[in-house]
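Trainee: Dropping the structure in here first, questions after.
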Amino acid sequence: MTIKIAPSLLAADFTRLKEEIQMIESAGADLLHLDIMDGHFVPNITFGPPLVSAIRPITKLLLETHLMISNPGNFIESFAKAGSGSIIIHSEATSDCAQLLGKIREFGLLAGISIKPKTPLEAIIPFFPALDLILFMSVEPGFGGQFFMPEILPKISQAREIIQKEGYQIALEIDGGIGPDTAPQAVAAGVNVLIAGSAIFGKPNPAEIIRKMKAIPVV
Ligand code: DX5
Ligand code: ZN
């Protein structure tokens with residue numbers, strides 16, 4: 001299992017998105033993480049399908065689309081058509097995860113579920129057979145630059161155990177307050193995809209930060 005790095009565009013300089021995306025791509029990023037917020041599911045508003053279609057042609061990175069929105073089912077088609085490579089819905093935003101995960105896969109995309117820090121793993125275990133990835137929030141969703149919440153780590157180890165026992169192919173990802181200092185404990189708990197915004201963008205040497213996090217030994 002190798003470590004993959006997904007910089008979160010939310011922390012980029014919005015006046016220079018093309019250069020910022022090309023910079024992290026050449027700095028060794030594996031995916032680009034797009035935080036979609038609607039001001040309703042979370043108390044912030046970011047961007048939507050028009051931005052995804054604008055950046056699709058300027059990068060080869062898979063566009064990981066983190067839907068922090070209510071009624072995510074209403075937007076799966078428009079993000080799929082805009083060029084998303086994966087769509088991640090929040091279990092707290094819908095009572096119909098199974099149907100939405102199936103719809104995401106029908107569009108040929110990777111299907112993921114994200115859970116907030118206080119949501120127990122039990123809320124999503126029934127959907128494991130339909131998942132390509134689980135995104136564990138290590139901050140309350142809505143903003144970049146928050147502090148890492150280590151209390152969510154046991155949920156990751158619990159998920160890792162189930163996946164190994166049942167033989168599922170599910171990537172485990174963590175999102176929020178991740179950087180070279182907090183990533184090692186997340187990798188030790190069992191994640192292999194690290195989302196990082198403020199630890200990468202705006203820093204003097206993003207390539208060095210990405211290299212450091214990729215080099216974290218996997219247990
Ligand atoms: C928070 C977002 C995260 C956030 C990460 O709601 O889902 O992806 O942008 O930013 P940092 O790495 O600065 O915590
Ligand atoms: Zn995110």
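In the structure tokens, chains take letters A, B, ... by order of appearance, with residues numbered from 1 within each chain and ligands from 1 in the order shown.
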Do you know which residues are at most 8 Å from Asn71 of chain A counting only C-alpha atoms, after dropping those on the same chain fewer than 4 positions away, and could you put them as a PyMOL selection string?
Mentor: chain A and resi 75+93-94
Trainee: Restricting the output to all heavy atoms, write the selected residues as a JSON list (two decimals), in the first residue's frame.
Mentor:
[["chain", "number", "residue", "atom", "x", "y", "z"],
["A", 75, "PHE", "N", -26.89, 16.49, -7.78],
["A", 75, "PHE", "CA", -25.73, 17.07, -8.48],
["A", 75, "PHE", "C", -24.76, 16.02, -9.03],
["A", 75, "PHE", "O", -23.73, 16.37, -9.60],
["A", 75, "PHE", "CB", -24.99, 18.03, -7.54],
["A", 75, "PHE", "CG", -25.80, 19.24, -7.19],
["A", 75, "PHE", "CD1", -26.63, 19.24, -6.07],
["A", 75, "PHE", "CD2", -25.80, 20.36, -8.01],
["A", 75, "PHE", "CE1", -27.41, 20.34, -5.76],
["A", 75, "PHE", "CE2", -26.58, 21.47, -7.71],
["A", 75, "PHE", "CZ", -27.39, 21.46, -6.58],
["A", 93, "ALA", "N", -25.90, 13.52, 4.86],
["A", 93, "ALA", "CA", -26.66, 14.42, 3.96],
["A", 93, "ALA", "C", -27.77, 13.70, 3.22],
["A", 93, "ALA", "O", -28.49, 14.32, 2.43],
["A", 93, "ALA", "CB", -25.69, 15.05, 2.96],
["A", 94, "THR", "N", -27.90, 12.38, 3.40],
["A", 94, "THR", "CA", -28.92, 11.66, 2.63],
["A", 94, "THR", "C", -29.37, 10.42, 3.40],
["A", 94, "THR", "O", -28.62, 9.84, 4.17],
["A", 94, "THR", "CB", -28.36, 11.22, 1.26],
["A", 94, "THR", "OG1", -29.34, 10.38, 0.61],
["A", 94, "THR", "CG2", -27.07, 10.40, 1.41]]
Trainee: Ile174 of chain A: which residues within 8 Å, counting only C-alpha atoms, same-chain residues fewer than 4 positions away excluded, as a list in words?
Mentor: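 Close residues of Ile174 of chain A: Leu135, Phe136, Met137, Ser138, Ile178, Ala186, Val191, Val193, Leu194 and Ile195 of chain A.
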Trainee: Per residue of chain A within 6 Å of ligand 2, record the nearest atom pair and its distance in Å to one decimal, counting only C-alpha atoms and all ligand atoms, with rows in chain order and ascending residue number, as a Markdown table.
Mentor:
| residue | atom | partner | partner_atom_place_in_ligand_line | distance |
| --- | --- | --- | --- | --- |
| A:Asp35 | CA | ligand 2 | 1 (Zn) | 4.8 |
| A:His66 | CA | ligand 2 | 1 (Zn) | 5.4 |
| A:Asp175 | CA | ligand 2 | 1 (Zn) | 5.7 |
Trainee: In terms of the shortest atom-to-atom distance over only C-alpha atoms, which of A:Ala82, A:Gln146, A:Glu208, A:Gly190 is closest to Ala11 of chain A?
Mentor: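 Residue with the minimum atom-to-atom distance to Ala11 of chain A: A:Gln146.
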Trainee: Could you name the residues that touch Ile210 of chain A at 12 Å or less, counting only C-alpha atoms, but leaving out those on the same chain fewer than 4 positions away, as a PDB file with C-alpha atoms, in the first residue's frame?
Mentor:
ATOM      1  CA  ILE A   3       0.611   6.752   0.329  1.00  0.00           C
ATOM      2  CA  LYS A   4      -1.261   9.060  -2.067  1.00  0.00           C
ATOM      3  CA  ILE A   5      -1.467  12.821  -1.611  1.00  0.00           C
ATOM      4  CA  ALA A   6      -4.571  14.819  -2.555  1.00  0.00           C
ATOM      5  CA  PRO A   7      -4.063  18.577  -2.132  1.00  0.00           C
ATOM      6  CA  MET A  23       2.478  23.388  -9.447  1.00  0.00           C
ATOM      7  CA  ILE A  24       1.073  20.591  -7.264  1.00  0.00           C
ATOM      8  CA  GLU A  25       0.854  18.240 -10.232  1.00  0.00           C
ATOM      9  CA  SER A  26       4.569  18.684 -10.912  1.00  0.00           C
ATOM     10  CA  ALA A  27       5.216  18.549  -7.136  1.00  0.00           C
ATOM     11  CA  GLY A  28       3.995  14.940  -7.095  1.00  0.00           C
ATOM     12  CA  ALA A  29       0.322  15.152  -6.071  1.00  0.00           C
ATOM     13  CA  ASP A  30      -1.681  12.013  -6.947  1.00  0.00           C
ATOM     14  CA  LEU A  31      -5.212  13.473  -6.904  1.00  0.00           C
ATOM     15  CA  ILE A 178      -3.356  16.907   7.774  1.00  0.00           C
ATOM     16  CA  GLY A 179       0.335  17.767   7.312  1.00  0.00           C
ATOM     17  CA  PRO A 180       3.752  16.174   7.897  1.00  0.00           C
ATOM     18  CA  ALA A 183      -0.091  12.415   8.904  1.00  0.00           C
ATOM     19  CA  VAL A 193      -4.785   8.759   0.976  1.00  0.00           C
ATOM     20  CA  LEU A 194      -3.961  12.056   2.685  1.00  0.00           C
ATOM     21  CA  ILE A 195      -5.920  15.201   1.856  1.00  0.00           C
ATOM     22  CA  ALA A 196      -4.066  18.408   2.744  1.00  0.00           C
ATOM     23  CA  GLY A 197      -4.886  22.029   1.952  1.00  0.00           C
ATOM     24  CA  ALA A 199      -0.199  22.298   4.778  1.00  0.00           C
ATOM     25  CA  ILE A 200       0.611  22.426   1.039  1.00  0.00           C
ATOM     26  CA  PHE A 201      -0.733  25.551  -0.676  1.00  0.00           C
ATOM     27  CA  LYS A 203       3.989  27.067   1.591  1.00  0.00           C
ATOM     28  CA  ASN A 205       8.207  24.124  -0.742  1.00  0.00           C
ATOM     29  CA  PRO A 206       5.062  22.080  -1.488  1.00  0.00           C
ATOM     30  CA  LYS A 214       4.591  10.096   0.727  1.00  0.00           C
ATOM     31  CA  ALA A 215       7.633   8.699   2.546  1.00  0.00           C
ATOM     32  CA  ILE A 216       5.697   7.919   5.762  1.00  0.00           C
TER      33      ILE A 216
END
